[in-house]
Amino acid sequence: MATTTAPGKDEIMAALATVKDPELHKDIVSLGMVKGVEIADGVVDLDIELTTPACPLKDEIENDVRAVLEPLGIPEVRVDFGARVRPTNPAEGQKAIEGVSNVIAVASNKGGVGKSTVAANMAVALAQTGARVGLIDADITGPNIPTMFGLSAGLQAQETTGLRAVERYGVHVVSIGFLLPRGTPVVWRGPMIGSAVRQLLHDVPWENIDYLIVDLPPGTSDASMSLAQEAPVAGSIIVSTPQAVSLEDAMKAVSMFEKLGVPVFGMVENMSYFIAPDTGNRYDIFGSGGAEQAADDLGIDFLGAVPIEPNIREGADNGLPLVHSHPDSESAKAFHHIAGQVAARISVLQRMGN
């Protein structure tokens, strides 16, 4: 009676060498993603290291792995995914932020487009994947992030140890609003705002942060310039609504980052459409598809459309980011998709040698 010989490690690795990372377009063996192969009692345990815990194509990679190992007759395959996020290297004149691997700028040239909402929910979405995430509220004269995370204005005003990040929903949040009682205005000139951004980047103690999201104020201001000049920014996200006036400003923001030498990951269309909960009918209140067309015209990626939902506004007012309070909503799914797209683009840049 013939016996079947269990495949050895070399045979398994040869099969895995035919599996390609969908983003990097190279096989997972040559990329060094296969960190361990253990064979015992007919069971194969694989340790695969992704370039980000937010990898949007993890399921596709696992399915491909199982497909190439199935012909080998292995009774059971167990796949364990880990992740190591590579850092962005500083350019000449820039200073790396101690404890931070990658900086992501969230920007728009126009106020009122929901930029802070996108930054807050994307930060929580990344944290939910297991990434260590920080969030800087760099809108010095109009800090809204504390309210969106349910953090009291002026909560660190009496402390003598300096401004520090506070963890909420898995995100390490810092804002000038931590030092200001509610309703206190910040009446500063541009250079003072630029100096404040530098201090938020380099003077706040950060530790093992994979992604530091910076919610920038609207406009092509000192805050954006200071960020791009002071720190290695992995890339930027431009937020717009479908309205023509918003798109015009968003295109200016794209041009600004290109001049500053910061990669633009793509554009997000916020307040894209509304689905009536009673009928399921879709209404394009501000128009729709404008940001996608603008992104195409500019030659950048369209990262996704976020619909209007009352829960977004309610969550922001009550300190409950939507991806935490309503994870199954259409908007939460959109934020998770955007977060995955951004993390994937950073991974590609790192492998290209940034």
# chains A, B, ... in the order shown; residues from 1 in each chain; ligands from 1
$ select_by_dssp --residues "segment 143-286 of chain A" --states "strand (DSSP E or B)" --output "ChimeraX atom specification"
/A:166-168,171-175,209-215,233-240,264-269,274-275,282-283,285
$ closest_atom_pairs --of "segment 13-93 of chain A" --to "segment 120-138 of chain A" --cutoff "12 Å" --atoms "only C-alpha atoms" --output "CSV"
residue,atom,partner,partner_atom,distance
A:Leu50,CA,A:Ala131,CA,11.8
A:Thr51,CA,A:Ala131,CA,11.0
A:Thr52,CA,A:Ala131,CA,7.6
A:Pro53,CA,A:Thr129,CA,5.7
A:Ala54,CA,A:Thr129,CA,5.4
A:Cys55,CA,A:Thr129,CA,8.7
A:Pro56,CA,A:Thr129,CA,10.2
A:Lys58,CA,A:Thr129,CA,11.4
A:Phe81,CA,A:Gly130,CA,11.4
A:Gly82,CA,A:Gly130,CA,9.8
A:Ala83,CA,A:Ala131,CA,8.8
A:Arg84,CA,A:Ala131,CA,9.5
A:Val85,CA,A:Ala131,CA,8.7
$ atom_distance --atom1 "atom CA of Val118 of chain A" --atom2 "atom CA of Val106 of chain A"
8.0 Å
$ residues_around --residues "Leu179 of chain A" --least-positions-apart "3" --cutoff "6 Å" --atoms "only C-alpha atoms" --output "VMD selection string"
chain A and resid 154 156 to 157 176
$ write_last_selection --atoms "C-alpha atoms" --output "short mmCIF file (atom, residue, chain, number, x, y, z; two decimals), in the first residue's frame"
data_model
loop_
_atom_site.label_atom_id
_atom_site.label_comp_id
_atom_site.auth_asym_id
_atom_site.auth_seq_id
_atom_site.Cartn_x
_atom_site.Cartn_y
_atom_site.Cartn_z
CA GLY A 154 -8.36 72.63 29.69
CA GLN A 156 -4.10 69.74 31.51
CA ALA A 157 -4.20 73.47 32.22
CA ILE A 176 -3.62 72.75 22.44
#
$ residues_around --residues "Ser288 of chain A" --least-positions-apart "2" --cutoff "9 Å" --atoms "only C-alpha atoms" --output "PDB file with C-alpha atoms, in the first residue's frame"
ATOM      1  CA  THR A 241     -17.210  67.777  -0.276  1.00  0.00           C
ATOM      2  CA  PRO A 242     -18.825  67.371  -3.724  1.00  0.00           C
ATOM      3  CA  GLN A 243     -19.453  71.117  -4.086  1.00  0.00           C
ATOM      4  CA  GLU A 269     -15.232  63.008  -0.585  1.00  0.00           C
ATOM      5  CA  MET A 271     -20.799  64.372   2.948  1.00  0.00           C
ATOM      6  CA  SER A 272     -21.005  62.527  -0.338  1.00  0.00           C
ATOM      7  CA  TYR A 273     -24.648  61.401  -0.219  1.00  0.00           C
ATOM      8  CA  ASP A 284     -27.022  63.710  -3.413  1.00  0.00           C
ATOM      9  CA  ILE A 285     -27.557  66.785  -1.253  1.00  0.00           C
ATOM     10  CA  PHE A 286     -24.326  68.526  -2.261  1.00  0.00           C
ATOM     11  CA  GLY A 290     -17.018  65.671  -7.805  1.00  0.00           C
ATOM     12  CA  ALA A 291     -14.049  64.696  -5.651  1.00  0.00           C
ATOM     13  CA  GLU A 292     -13.529  61.492  -7.606  1.00  0.00           C
TER      14      GLU A 292
END
$ closest_residue --among "A:Tyr211, A:Glu38, A:Glu11, A:Ser175" --to "Ala339 of chain A" --atoms "only C-alpha atoms"
A:Tyr211
